[in-house]
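Peer 1: Here you go, this is protein-v1.csv (CSV, C-alpha atoms).
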chain,number,residue,atom,x,y,z
A,1,MET,CA,-6.0,80.8,77.0
A,2,THR,CA,-8.2,77.9,76.0
A,3,THR,CA,-7.1,74.7,77.7
A,4,SER,CA,-10.3,72.6,77.4
A,5,PRO,CA,-9.5,69.1,76.0
A,6,TYR,CA,-12.9,69.3,74.2
A,7,THR,CA,-11.8,72.2,72.0
A,8,SER,CA,-10.4,71.3,68.6
A,9,GLN,CA,-10.6,74.8,67.1
A,10,SER,CA,-10.5,78.3,68.7
A,11,ALA,CA,-9.6,81.8,67.7
A,12,PHE,CA,-9.7,82.8,71.3
A,13,ASP,CA,-6.7,81.1,72.9
A,14,GLY,CA,-4.4,84.1,72.8
A,15,SER,CA,-1.7,82.5,70.6
A,16,ARG,CA,0.0,84.2,67.7
A,17,MET,CA,-1.1,83.3,64.2
A,18,ARG,CA,0.6,82.7,60.9
A,19,VAL,CA,-1.2,83.3,57.7
A,20,THR,CA,0.1,82.0,54.3
A,21,LEU,CA,-1.2,82.9,50.9
A,22,LEU,CA,-0.1,80.6,48.0
A,23,VAL,CA,-0.3,82.7,44.8
A,24,ASP,CA,-0.1,81.5,41.2
A,25,LEU,CA,0.2,84.4,38.8
A,26,HIS,CA,-1.0,84.9,35.2
A,27,GLU,CA,1.8,85.0,32.6
A,28,GLY,CA,3.2,88.5,32.4
A,29,ALA,CA,1.5,89.8,35.5
A,30,GLN,CA,4.6,89.8,37.8
A,31,GLN,CA,5.2,93.6,37.9
A,32,GLU,CA,1.5,94.3,38.3
A,33,PHE,CA,1.5,91.9,41.2
A,34,LEU,CA,4.5,93.5,42.9
A,35,ASP,CA,2.9,96.9,42.6
A,36,ALA,CA,-0.3,95.6,44.1
A,37,TYR,CA,1.6,93.9,46.9
A,38,GLU,CA,3.4,97.2,47.8
A,39,GLN,CA,0.0,99.0,48.2
A,40,MET,CA,-1.4,96.1,50.1
A,41,ARG,CA,1.6,95.9,52.5
A,42,ASP,CA,1.4,99.6,53.4
A,43,ARG,CA,-2.3,99.2,54.4
A,44,VAL,CA,-1.9,96.0,56.3
A,45,ALA,CA,1.1,97.4,58.3
A,46,SER,CA,-1.3,99.8,60.0
A,47,VAL,CA,-3.8,97.2,61.0
A,48,PRO,CA,-3.8,96.5,64.8
A,49,GLY,CA,-2.3,93.1,65.7
A,50,HIS,CA,-0.3,92.8,62.5
A,51,LEU,CA,3.3,91.9,63.3
A,52,GLY,CA,4.9,91.7,59.9
A,53,ASP,CA,4.9,89.9,56.6
A,54,GLN,CA,7.2,88.4,53.9
A,55,LEU,CA,6.9,88.0,50.2
A,56,CYS,CA,8.7,84.9,48.7
A,57,GLN,CA,9.2,83.7,45.1
A,58,SER,CA,9.4,80.0,44.2
A,59,LEU,CA,12.9,78.8,43.2
A,60,GLU,CA,11.4,76.3,40.9
A,61,ASN,CA,8.5,78.2,39.2
A,62,PRO,CA,8.8,82.0,39.1
A,63,SER,CA,5.0,82.5,38.6
A,64,GLN,CA,4.4,81.0,42.1
A,65,TRP,CA,4.7,83.2,45.2
A,66,LEU,CA,4.2,82.9,48.9
A,67,ILE,CA,3.0,85.7,51.2
A,68,THR,CA,3.2,85.1,54.9
A,69,SER,CA,2.1,87.3,57.7
A,70,GLU,CA,2.2,87.1,61.5
A,71,TRP,CA,-0.5,88.3,63.8
A,72,ALA,CA,-0.5,88.8,67.6
A,73,THR,CA,-3.7,86.8,67.9
A,74,ALA,CA,-6.5,85.6,65.6
A,75,PRO,CA,-9.3,88.1,66.4
A,76,PRO,CA,-7.7,91.2,64.9
A,77,TYR,CA,-6.8,89.2,61.8
A,78,LEU,CA,-10.4,87.9,61.4
A,79,ALA,CA,-11.8,91.4,62.0
A,80,TRP,CA,-9.5,92.7,59.2
A,81,VAL,CA,-10.0,89.9,56.7
A,82,ASN,CA,-13.8,90.1,57.0
A,83,SER,CA,-13.9,93.8,56.5
A,84,GLU,CA,-14.9,95.9,53.5
A,85,GLU,CA,-11.5,97.6,53.8
A,86,HIS,CA,-9.8,94.2,53.2
A,87,LEU,CA,-11.9,93.7,50.1
A,88,LYS,CA,-10.7,97.0,48.7
A,89,THR,CA,-7.1,96.3,49.7
A,90,VAL,CA,-6.8,93.0,47.9
A,91,GLU,CA,-8.8,94.1,44.8
A,92,PRO,CA,-5.8,95.1,42.7
A,93,LEU,CA,-4.4,91.5,43.1
A,94,GLN,CA,-7.4,89.9,41.4
A,95,ASN,CA,-6.3,90.7,37.8
A,96,CYS,CA,-2.9,89.2,38.5
A,97,VAL,CA,-3.7,86.0,40.1
A,98,ARG,CA,-4.6,82.7,38.4
A,99,GLU,CA,-5.2,80.9,41.8
A,100,LEU,CA,-4.9,81.9,45.4
A,101,ARG,CA,-5.1,79.8,48.5
A,102,SER,CA,-5.1,81.0,52.1
A,103,MET,CA,-4.2,79.0,55.1
A,104,ARG,CA,-4.1,80.0,58.8
A,105,TYR,CA,-2.1,78.4,61.6
A,106,GLY,CA,-1.7,79.0,65.4
A,107,ILE,CA,1.9,79.0,66.4
A,108,VAL,CA,2.7,76.0,68.7
A,109,ARG,CA,6.5,76.0,68.9
A,110,GLU,CA,9.3,78.3,67.8
A,111,THR,CA,13.1,78.9,68.2
A,112,GLY,CA,14.7,82.1,69.3
A,113,GLY,CA,13.1,82.5,72.8
A,114,ALA,CA,10.0,84.3,74.1
A,115,ARG,CA,8.7,87.4,72.4
A,116,PRO,CA,6.9,89.3,75.3
A,117,GLY,CA,4.0,91.6,74.6
A,118,ILE,CA,3.0,90.3,71.2
A,119,GLY,CA,0.9,87.2,71.9
A,120,GLY,CA,1.8,83.8,73.2
A,121,LEU,CA,2.1,80.3,71.8
A,122,GLN,CA,-0.8,77.9,71.4
A,123,SER,CA,-0.7,76.0,74.8
A,124,ALA,CA,-0.9,72.5,73.3
A,125,PRO,CA,-1.6,70.8,70.0
A,126,ARG,CA,-5.3,70.2,69.5
A,127,LEU,CA,-6.9,66.9,68.6
A,128,GLY,CA,-9.2,67.4,65.7
A,129,ASP,CA,-11.6,65.1,63.9
A,130,GLY,CA,-10.3,65.7,60.5
A,131,VAL,CA,-13.2,68.0,59.6
A,132,ALA,CA,-13.1,71.6,58.4
A,133,ARG,CA,-16.2,73.7,59.1
A,134,HIS,CA,-17.3,76.8,57.2
A,135,ALA,CA,-20.5,78.8,56.7
A,136,LEU,CA,-22.0,81.2,54.3
A,137,THR,CA,-24.7,83.8,55.1
A,138,PHE,CA,-26.7,86.2,53.0
A,139,THR,CA,-30.1,87.9,53.0
A,140,VAL,CA,-33.0,87.5,50.5
A,141,LYS,CA,-35.7,90.0,49.6
A,142,PRO,CA,-38.4,90.1,52.3
A,143,GLY,CA,-41.4,88.2,51.1
A,144,SER,CA,-39.3,85.7,49.1
A,145,GLU,CA,-38.5,83.5,52.1
A,146,SER,CA,-40.9,80.6,51.3
A,147,LYS,CA,-39.7,80.5,47.6
A,148,VAL,CA,-36.0,80.5,48.7
A,149,ALA,CA,-36.7,77.7,51.2
A,150,GLU,CA,-38.3,75.7,48.4
A,151,ILE,CA,-35.3,76.2,46.1
A,152,LEU,CA,-32.8,75.3,48.8
A,153,ALA,CA,-34.6,72.2,49.9
A,154,GLY,CA,-35.4,70.8,46.5
A,155,TYR,CA,-32.1,70.3,44.7
A,156,ALA,CA,-30.2,67.0,44.3
A,157,PRO,CA,-27.1,66.8,46.6
A,158,PRO,CA,-23.7,67.2,44.9
A,159,GLU,CA,-21.2,64.3,44.6
A,160,SER,CA,-19.7,64.0,48.0
A,161,ARG,CA,-16.3,62.7,46.9
A,162,VAL,CA,-13.9,65.4,45.7
A,163,ASP,CA,-10.7,63.4,45.4
A,164,ASP,CA,-8.8,60.6,47.2
A,165,SER,CA,-8.3,62.8,50.3
A,166,THR,CA,-11.3,65.2,50.3
A,167,ARG,CA,-15.0,64.5,50.9
A,168,LEU,CA,-18.0,66.7,51.4
A,169,ARG,CA,-19.4,65.3,54.6
A,170,ARG,CA,-22.5,67.4,55.6
A,171,THR,CA,-24.4,70.4,54.4
A,172,THR,CA,-27.1,72.1,56.5
A,173,LEU,CA,-29.2,75.1,55.6
A,174,PHE,CA,-31.2,77.3,57.9
A,175,LEU,CA,-33.4,80.4,57.6
A,176,HIS,CA,-34.0,83.1,60.1
A,177,GLY,CA,-36.4,85.8,58.8
A,178,ASN,CA,-34.8,86.7,55.5
A,179,ARG,CA,-31.3,85.5,56.4
A,180,VAL,CA,-29.9,82.3,55.0
A,181,VAL,CA,-27.1,80.4,56.7
A,182,ARG,CA,-25.4,77.4,54.9
A,183,THR,CA,-23.0,75.4,57.0
A,184,VAL,CA,-20.6,72.8,55.5
A,185,GLU,CA,-18.4,70.1,57.0
A,186,VAL,CA,-15.5,68.8,54.9
A,187,GLU,CA,-13.0,66.0,55.4
A,188,GLY,CA,-9.7,67.1,53.9
A,189,ASP,CA,-9.2,70.3,51.9
A,190,LEU,CA,-12.0,72.8,52.4
A,191,THR,CA,-10.9,75.0,49.5
A,192,ALA,CA,-10.9,72.0,47.1
A,193,ALA,CA,-14.4,71.0,48.4
A,194,LEU,CA,-15.9,74.4,47.9
A,195,ARG,CA,-14.5,74.7,44.4
A,196,HIS,CA,-15.8,71.2,43.6
A,197,VAL,CA,-19.3,72.1,44.9
A,198,SER,CA,-19.4,75.3,42.9
A,199,ARG,CA,-18.8,73.4,39.7
A,200,GLN,CA,-21.7,70.9,40.2
A,201,PRO,CA,-24.5,71.6,37.7
A,202,GLN,CA,-27.3,71.2,40.2
A,203,VAL,CA,-25.6,73.6,42.6
A,204,ARG,CA,-25.0,76.2,39.8
A,205,ALA,CA,-28.7,75.8,38.9
A,206,VAL,CA,-29.7,76.5,42.5
A,207,GLU,CA,-27.5,79.6,42.7
A,208,GLU,CA,-29.0,80.9,39.4
A,209,ALA,CA,-32.5,80.3,40.8
A,210,LEU,CA,-31.6,82.3,43.9
A,211,ASN,CA,-30.3,85.3,42.1
A,212,PRO,CA,-33.7,87.2,41.6
A,213,HIS,CA,-34.3,86.8,45.4
A,214,LEU,CA,-31.0,88.1,46.7
A,215,GLU,CA,-30.7,91.5,48.4
A,216,GLN,CA,-27.1,91.8,47.3
A,217,GLN,CA,-27.0,91.5,43.5
A,218,ARG,CA,-24.5,89.3,41.8
A,219,ASP,CA,-23.6,88.1,38.3
A,220,LEU,CA,-22.2,84.5,38.5
A,221,ALA,CA,-21.0,84.8,34.9
A,222,ASP,CA,-18.7,87.6,36.1
A,223,PRO,CA,-15.9,86.1,38.2
A,224,GLU,CA,-15.2,89.3,40.1
A,225,SER,CA,-18.9,89.7,41.0
A,226,ALA,CA,-19.2,86.1,42.1
A,227,ARG,CA,-16.0,86.3,44.1
A,228,ALA,CA,-17.1,89.5,45.9
A,229,PHE,CA,-20.4,88.0,46.8
A,230,PHE,CA,-19.0,84.8,48.3
A,231,VAL,CA,-16.2,86.7,50.1
A,232,ARG,CA,-18.8,88.9,51.8
A,233,ALA,CA,-21.0,85.8,52.6
A,234,ALA,CA,-18.2,83.8,54.2
A,235,MET,CA,-18.5,83.3,57.9
A,236,PRO,CA,-15.6,81.3,59.4
A,237,ALA,CA,-15.8,79.0,62.3
A,238,VAL,CA,-14.1,80.6,65.2
A,239,HIS,CA,-14.6,77.9,67.8
A,240,HIS,CA,-15.5,74.2,67.9
A,241,VAL,CA,-16.0,71.9,70.9
A,242,ALA,CA,-17.2,68.2,70.9
A,243,ARG,CA,-17.9,66.0,73.9
A,244,GLY,CA,-16.4,63.0,72.1
A,245,GLY,CA,-17.6,59.4,72.1
A,246,PRO,CA,-20.4,57.8,70.1
A,247,GLU,CA,-23.2,60.1,68.9
A,248,PRO,CA,-26.4,59.7,70.9
A,249,ASP,CA,-29.4,58.3,69.0
A,250,ASP,CA,-31.6,61.2,70.0
A,251,ILE,CA,-29.3,64.0,68.8
A,252,THR,CA,-30.8,66.9,66.8
A,253,ARG,CA,-29.1,69.7,64.9
A,254,HIS,CA,-30.1,73.4,65.6
A,255,ALA,CA,-28.7,76.8,64.6
A,256,LEU,CA,-29.1,79.8,66.8
A,257,TYR,CA,-28.8,83.3,65.4
A,258,TYR,CA,-27.2,86.0,67.7
A,259,PRO,CA,-27.1,89.4,66.1
A,260,ALA,CA,-24.6,91.5,68.1
A,261,ARG,CA,-24.6,95.1,68.9
A,262,ALA,CA,-22.4,97.2,66.6
A,263,GLY,CA,-18.8,96.3,67.2
A,264,CYS,CA,-19.6,93.4,69.7
A,265,GLY,CA,-19.6,90.4,67.4
A,266,MET,CA,-16.2,89.1,68.4
A,267,ALA,CA,-16.9,89.5,72.1
A,268,LEU,CA,-20.3,87.8,71.7
A,269,ALA,CA,-18.6,84.9,69.9
A,270,ARG,CA,-16.0,84.6,72.6
A,271,LEU,CA,-18.7,84.5,75.3
A,272,LEU,CA,-20.6,81.7,73.6
A,273,SER,CA,-17.4,79.8,73.0
A,274,ARG,CA,-16.4,79.9,76.6
A,275,GLN,CA,-19.9,78.7,77.6
A,276,ASP,CA,-19.7,75.8,75.1
A,277,GLU,CA,-16.4,74.7,76.6
A,278,ALA,CA,-18.2,74.5,80.0
A,279,ALA,CA,-21.1,72.7,78.4
A,280,ALA,CA,-18.8,70.0,76.9
A,281,ALA,CA,-17.3,69.4,80.3
A,282,ASP,CA,-20.8,69.1,82.0
A,283,PRO,CA,-22.2,65.6,81.8
A,284,ALA,CA,-25.7,67.0,82.4
A,285,SER,CA,-25.5,69.5,79.4
A,286,PRO,CA,-27.6,68.5,76.4
A,287,VAL,CA,-25.0,70.0,74.0
A,288,HIS,CA,-23.0,67.2,72.3
A,289,ARG,CA,-21.1,69.4,69.8
A,290,SER,CA,-21.1,73.1,69.0
A,291,THR,CA,-19.5,75.4,66.4
A,292,VAL,CA,-19.5,79.1,66.6
A,293,PHE,CA,-19.4,81.0,63.3
A,294,GLN,CA,-18.8,84.8,63.3
A,295,ARG,CA,-18.4,87.6,60.8
A,296,GLU,CA,-18.5,91.2,62.0
A,297,ASP,CA,-21.7,91.5,64.1
A,298,ILE,CA,-23.3,88.3,62.9
A,299,VAL,CA,-22.8,85.2,65.2
A,300,VAL,CA,-24.3,81.8,64.5
A,301,ARG,CA,-24.1,78.9,66.9
A,302,LEU,CA,-24.5,75.4,65.3
A,303,ILE,CA,-25.3,72.8,68.0
A,304,ASP,CA,-26.0,69.1,68.1
A,305,VAL,CA,-28.2,68.6,71.1
A,306,ARG,CA,-29.4,65.5,72.9
A,307,GLY,CA,-33.2,65.6,73.1
A,308,ASP,CA,-35.3,68.7,72.9
A,309,PRO,CA,-33.4,72.0,73.7
A,310,GLU,CA,-36.6,73.6,75.0
A,311,THR,CA,-36.7,71.2,77.9
A,312,ASP,CA,-33.5,72.8,79.2
A,313,PRO,CA,-33.3,76.1,77.4
A,314,VAL,CA,-30.6,77.7,79.7
A,315,ARG,CA,-28.1,74.9,79.1
A,316,ALA,CA,-28.9,74.8,75.4
A,317,LEU,CA,-28.4,78.5,75.0
A,318,GLY,CA,-25.1,78.3,76.7
A,319,VAL,CA,-25.7,81.2,79.2
A,320,GLN,CA,-26.0,79.9,82.8
A,321,GLY,CA,-26.4,82.3,85.7
A,322,PRO,CA,-27.7,85.9,85.9
A,323,ARG,CA,-24.2,87.4,85.5
A,324,LYS,CA,-23.5,85.7,82.2
A,325,ALA,CA,-27.0,86.3,81.0
A,326,ALA,CA,-26.6,90.0,81.7
A,327,VAL,CA,-23.3,90.0,79.7
A,328,LEU,CA,-25.2,88.3,76.8
A,329,ALA,CA,-27.9,90.9,77.0
A,330,ARG,CA,-25.3,93.8,76.8
A,331,LEU,CA,-23.7,92.2,73.7
A,332,LEU,CA,-26.8,91.1,71.9
A,333,ASP,CA,-28.9,93.3,69.6
A,334,GLY,CA,-32.2,92.2,71.2
A,335,ALA,CA,-34.2,94.5,69.0
A,336,ALA,CA,-33.0,92.5,65.9
A,337,LEU,CA,-34.5,89.4,67.6
A,338,GLY,CA,-37.6,91.1,68.9
A,339,VAL,CA,-36.4,90.6,72.5
A,340,THR,CA,-36.3,93.4,75.1
A,341,GLU,CA,-35.8,91.5,78.3
A,342,ALA,CA,-32.4,90.3,79.4
A,343,PRO,CA,-32.4,86.5,79.6
A,344,THR,CA,-31.9,86.2,83.4
A,345,GLY,CA,-34.0,83.1,83.9
A,346,GLU,CA,-35.6,80.1,82.3
A,347,ARG,CA,-38.6,82.0,81.0
A,348,GLU,CA,-36.5,84.7,79.4
A,349,ALA,CA,-34.1,82.0,78.0
A,350,THR,CA,-37.0,80.1,76.5
A,351,ARG,CA,-38.2,83.3,74.8
A,352,LEU,CA,-34.7,84.0,73.5
A,353,LEU,CA,-34.4,80.5,72.2
A,354,THR,CA,-37.7,80.9,70.4
A,355,HIS,CA,-36.5,84.1,68.7
A,356,ALA,CA,-32.9,82.9,68.0
A,357,ASP,CA,-33.7,79.4,66.8
A,358,MET,CA,-33.3,79.2,63.0
A,359,LYS,CA,-35.6,77.2,60.7
A,360,LEU,CA,-34.0,74.1,59.4
A,361,ILE,CA,-34.4,73.9,55.6
A,362,THR,CA,-32.3,70.9,54.7
A,363,ASP,CA,-29.7,68.6,56.4
A,364,ARG,CA,-27.7,66.4,54.0
A,365,ARG,CA,-25.2,63.9,55.0
A,366,ALA,CA,-22.8,61.9,52.8
A,367,ALA,CA,-23.1,58.1,53.2
A,368,GLN,CA,-21.1,56.7,56.2
A,369,SER,CA,-20.6,60.2,57.7
Write out the structure in this file as structure tokens.
Peer 2:
Amino acid sequence: MTTSPYTSQSAFDGSRMRVTLLVDLHEGAQQEFLDAYEQMRDRVASVPGHLGDQLCQSLENPSQWLITSEWATAPPYLAWVNSEEHLKTVEPLQNCVRELRSMRYGIVRETGGARPGIGGLQSAPRLGDGVARHALTFTVKPGSESKVAEILAGYAPPESRVDDSTRLRRTTLFLHGNRVVRTVEVEGDLTAALRHVSRQPQVRAVEEALNPHLEQQRDLADPESARAFFVRAAMPAVHHVARGGPEPDDITRHALYYPARAGCGMALARLLSRQDEAAAADPASPVHRSTVFQREDIVVRLIDVRGDPETDPVRALGVQGPRKAAVLARLLDGAALGVTEAPTGEREATRLLTHADMKLITDRRAAQS
């Protein structure tokens, strides 16, 4: 289990997980919703790591429902929720639901005694910084990269203030080949912030300008098409560590792209997360903060680094020692990066850093963030 005091978020601590879905139904859609839930429940029951669920109806407002599910650990849930099978499973719900909000929690305390064999409790409450982190990733048509970079770098930033308790703090965009990664940091309610950003006219104009260049077609005027695109593009943060203290003056932000071998995405994200915990505890490490995002076999590591990472590539990459480098080599799809040698030393690490480092397109901070 994760015990590092520098870790404020982790999917890899071995604790059980509670997921809640707050559902607000369209008028007259109750029976359709119940039928869809029965189909969904039967499919979810067979997913590894799923322990059970409950469907609850509001006592005050019959159109409001709550679905809760419990999972042995976070990784099997994340693998399920990011899969195409999950998209197909929840599709019947879309016509019934006016609004849906999902929240995920690690279980810290409970009554009723230990439940051996089905996951543990989160070892201790984590001290966060009040910031939720999320990423989106998608690919554009080869040959359109320079035009896409121009579109993404040129728009006016959206209004950062969402409401009295929520603020868009930072948005950073990167490009690696024809893959775009957009990371966001939000103080307060992530869902409210994402909804707020999507309604901003300058953001909608950018999304429309991107449409001809996307490999996966979408129609933003069709709510179902737009929803499917952004669900497939979502890349949740699975681990975050921060050294703490004031931010150094010479800090720079980088993103590293780690395509995993088929089926190895979660294991690769776990390896990088463990190394980031070690880096946070090492005063000599240049890594000040790190967030690992993962969806299926795509892993992206967002790092805030003191100085130039190429001066200490092994520490910046987060793989120190030949054994860990060999594990990275086994998990990484080196061919997707154009790398054939395992990163067992500084020369190989420098080469990997060169191939994995994403091109920064824009980094926008809200005032006083």
Peer 1: Hey, can you check how far atom CA of A:Ser273 sits from atom CA of A:Leu256?
Peer 2: 13.2 Å
Peer 1: Counting only C-alpha atoms, what is within 9 Å of A:Ala149, bar same-chain residues fewer than 5 positions away, as a PyMOL selection string?
Peer 2: chain A and resi 144+154+174-175+361-362
Peer 1: Between A:Pro286, A:Gly128, A:Arg169, A:Tyr37, which residue has the minimum interatomic distance to A:Val90, considering only C-alpha atoms?
Peer 2: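 Closest to A:Val90, using only C-alpha atoms: A:Tyr37.
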Peer 1: Give me, as a list in words, all polymer residues having an atom no more than 9 Å from A:Arg301, counting all atoms listed in the file and skipping those fewer than 6 positions away in the same chain.
Peer 2: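 These residues fall inside the cut-off: His254, Ala255, Leu256, Tyr257, Tyr258, Ala269, Leu272, Ser290, Thr291, Val292, Phe293 and Gln294 of chain A.
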Peer 1: Applying 6 Å and only C-alpha atoms, which residues near stretch 12-24 of chain A remain after dropping the ones on its own chain fewer than 6 positions away? List them as a PyMOL selection string.
Peer 2: chain A and resi 1-2+63-73+97-107+119-122
Peer 1: Around the point (-30.0, 80.8, 63.3) (coordinates from the file), which residues reach within 12 Å if we count all atoms listed in the file? Answer as a PyMOL selection string.
Peer 2: chain A and resi 135+137+172-183+253-259+292-294+298-303+337+352-361
Peer 1: Which one is closest to A:Ala233: A:Lys324, A:Gln216, A:Ile118, A:Val108? Count all atoms listed in the file.
Peer 2: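 Looking only at the distances to A:Ala233, the closest residue turns out to be A:Gln216.
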Peer 1: Nearest to A:Ser8 among A:Arg161, A:Arg170, A:His240, A:Arg109, with distances taken over only C-alpha atoms: which residue is it?
Peer 2: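 Selected residue with least distance to A:Ser8: A:His240.
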Peer 1: Please measure the separation of atom CA of A:Thr7 and atom CA of A:Val47, giving the value in Å to one decimal.
Peer 2: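 The value is 28.5 Å.
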Peer 1: Under the rule that all atoms listed in the file are counted, which of A:Leu136, A:Gly112, A:Asn61, A:Pro283 is the nearest residue to A:Ala237?
Peer 2: A:Leu136
